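Participant: Would you mind keeping the following structure in view while I ask a few things?
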Amino acid sequence: MAITQRTLYFLRPFFHSAFCMAVLWAACALQCPTTASTQVLPQDVPNAQFADWEPSRLHDHGRKLLVSGRLFERAITALDLAVKREPTNPIYHSTLASALASRFAALAFALRVREQFERDKEWFLSRKAESEAAQGNPEATKHGKPPPTPPVPPVTPDDGRAFNLPTEVVHSMMARLGKRSVEEYRESRRLAEGLPPEERLKLEYAHGWGLYLLKRTEEARVRESAPPSSWEDDPPPSVVGLLTVPKADVVACFEACTKLKPDDSKCWQSLGLSHVPEMMVSGDISWFEKYLSGEGLAPREAVTKAIVALAKAQRIKGSGSFDILFQLAIVTAPTDPAAAEIYLERAARKQSGNALLWYFVGEQRFRRVKKAEPADRRGLEESAIAAVRRGNAAAGYAAVPIAAPLPRELLAAWNLRRPHGIAEDAMILQNLRDYLNDMGKARLAAKEDEA
């Protein structure tokens with residue numbers, strides 16, 4: 001059973017809400033009487049208005065923009081002034097670092113949407129030519145039919161502006177933003193050394209998730225800029241790394257958080273997710289093949305540490321968190337579908353109306369069939385089919401992202417591309433289809449042999 005590269009790259013854009021949001025955002029701008037290219041946005045007002053603002057007001061204004069997911073450049077300007085006017089305040093440095101990381105993520109997102117736009121534009125131009133040629137031929141299939149709809153030009157998601165900068169310029173901007181974000185987080189940590197534990201906890205927590213956002217965004221950009229199979233020798237310039245964020249740095253932040261507040265489930269959940277960043281993204285074909293073959297997507301030791309931390313977060317929660325159960329399933333599924341099935345079934349019972357969760361349960365049961373004893377295979381197949389049928393009878397269907405407990409000032413930037421990992425519905429549905437086809441063929445062959 002194999003997933004083709006053509007199928008995955010065709011399906012993936014349609015299963016990411018962030019991509020759809022950008023398209024809808026731009027479409028709304030085109031439909032409004034005043035478009036994003038002509039209206040006066042708040043950031044167009046001269047920054048001289050900040051001249052008389054106190055540092056606390058500048059900080060609150062910048063943070064409010066980050067929480068709303070709007071005007072990250074304006075947020076950076078306000079927070080930069082707050083830091084200059086009160087350079088010893090670690091909170092200001094931390095929020096500025098989050099603004100820089102958020103703009104880094106927004107530019108990376110716009111680059112990805114533009115790459116999709118260029119592909120859509122090629123498709124549109126070819127279909128437009130076919131449509132125009134058909135109008136002169138009454139016998140043509142497309143004669144009299146409306147022309148194709150042109151794709152919507154890309155915009156930066158935080159300000160709605162047309163995204164026309166050359167890629168090299170964007171990469172240079174991102175490199176500066178990323179480097180400075182890391183530096184501001186470090187300065188915030190240095191200035192916070194004498195603060196009470198609860199205040200240091202907030203800053204360390206933001207530090208960890210800010211680094212995680214930078215790491216996840218940059219690694220996704222490199223991976224998706226050009227498939228490694230297309231490289232002749234060295235990677236093309238578009239996939240040269242702009243920023244390196246070691247996993248150990250992210251883990252260290254959340255380890256410090258668990259020491260500052262050992263009974264906080266969010267700290268343990270964050271620590272667990274930081275051990276396995278490889279599972280927070282969707283990879284290339286080799287990534288999916290590793291999952292299907294039962295190979296680990298992350299080092300075994302890291303997976304064990306992630307499970308221990310997530311399990312501790314679940315114990316602290318007490319009532320059983322859907323998000324943590326789902327994340328435990330994602331972490332264990334690549335190498336232990338039996339354990340993943342248990343976590344998934346518990347999660348599915350908390351949101352029983354979502355068909356995808358039951359399909360995911362069925363997929364894990366089908367994955368167990370190949371390694372099961374012959375006498376047990378029929379029972380596992382029937383239980384997998386039962387899960388699929390329960391999904392078919394569910395009231396709704398929705399993709400389930402990996403919901404990480406980010407600070408509010410980073411959540412909007414993180415959600416530009418909500419991670420799904422192995423829970424991408426495109427992959428789950430294709431896997432189920434293949435498993436069902438294989439099972440049907442095997443049972444048909446068995447009947448023929450009996451006859």
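Labels used: A, B, ... for chains in the order of the structure tokens, numbers from 1 for residues in each chain, and numbers from 1 for ligands as shown.
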Near region 296-306 of chain A, counting only C-alpha atoms, which residues have an atom at most 10 Å away, once you skip same-chain residues fewer than 2 positions from it, shown as an NGL selection string?

Facilitator: :A and (268-279 or 283 or 287-288 or 290-294 or 308-312 or 327-328 or 331-336 or 422)

Participant: Could you pull out the helix (DSSP H, G or I) residues of region 389-433 of chain A from DSSP and send them as JSON, numbers by chain?

Facilitator: {"A": [389, 390, 391, 392, 408, 409, 410, 411, 412, 413, 414, 415, 416, 417, 421, 422, 423, 425, 426, 427, 428, 429, 430, 431, 432, 433]}

Participant: Set the distance at 12 Å and use only C-alpha atoms: which residues neighbour Trp53 (chain A) once local chain neighbours fewer than 4 positions away are removed? I'd like the list as a list in words.

Facilitator: Asn47, Ala48, Gln49, Arg57, Leu58, His59, Asp60, His61, Ala78, Leu79, Leu81, Ala82 and Arg85 of chain A

Participant: Ranking A:Met427, A:Ala348, A:Val250, A:Ala51 by minimum distance to Glu204 (chain A) and counting only C-alpha atoms, which one comes first?

Facilitator: A:Val250

Participant: Which residues come within 7 Å of region 128-133 of chain A, counting only C-alpha atoms, excluding same-chain residues fewer than 4 positions away, as a count of residues only?

Facilitator: 4

Participant: Can you list, as number ranges by chain, every protein, DNA or RNA residue that comes within 9 Å of Ile342 (chain A) when you count only C-alpha atoms, leaving out same-chain residues fewer than 5 positions away?

Facilitator: A: 329, 337, 347, 361

Participant: Nearest to Ala192 (chain A) among A:Leu432, A:Ile91, A:Cys267, A:Ala106, with distances taken over only C-alpha atoms: which residue is it?

Facilitator: A:Ile91

Participant: In Å, rounded to a single decimal, give me how far CA of Gly178 (chain A) is from CA of Glu198 (chain A).

Facilitator: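 Answer for the CA of Glu198 (chain A) to CA of Gly178 (chain A) separation: 26.9 Å.
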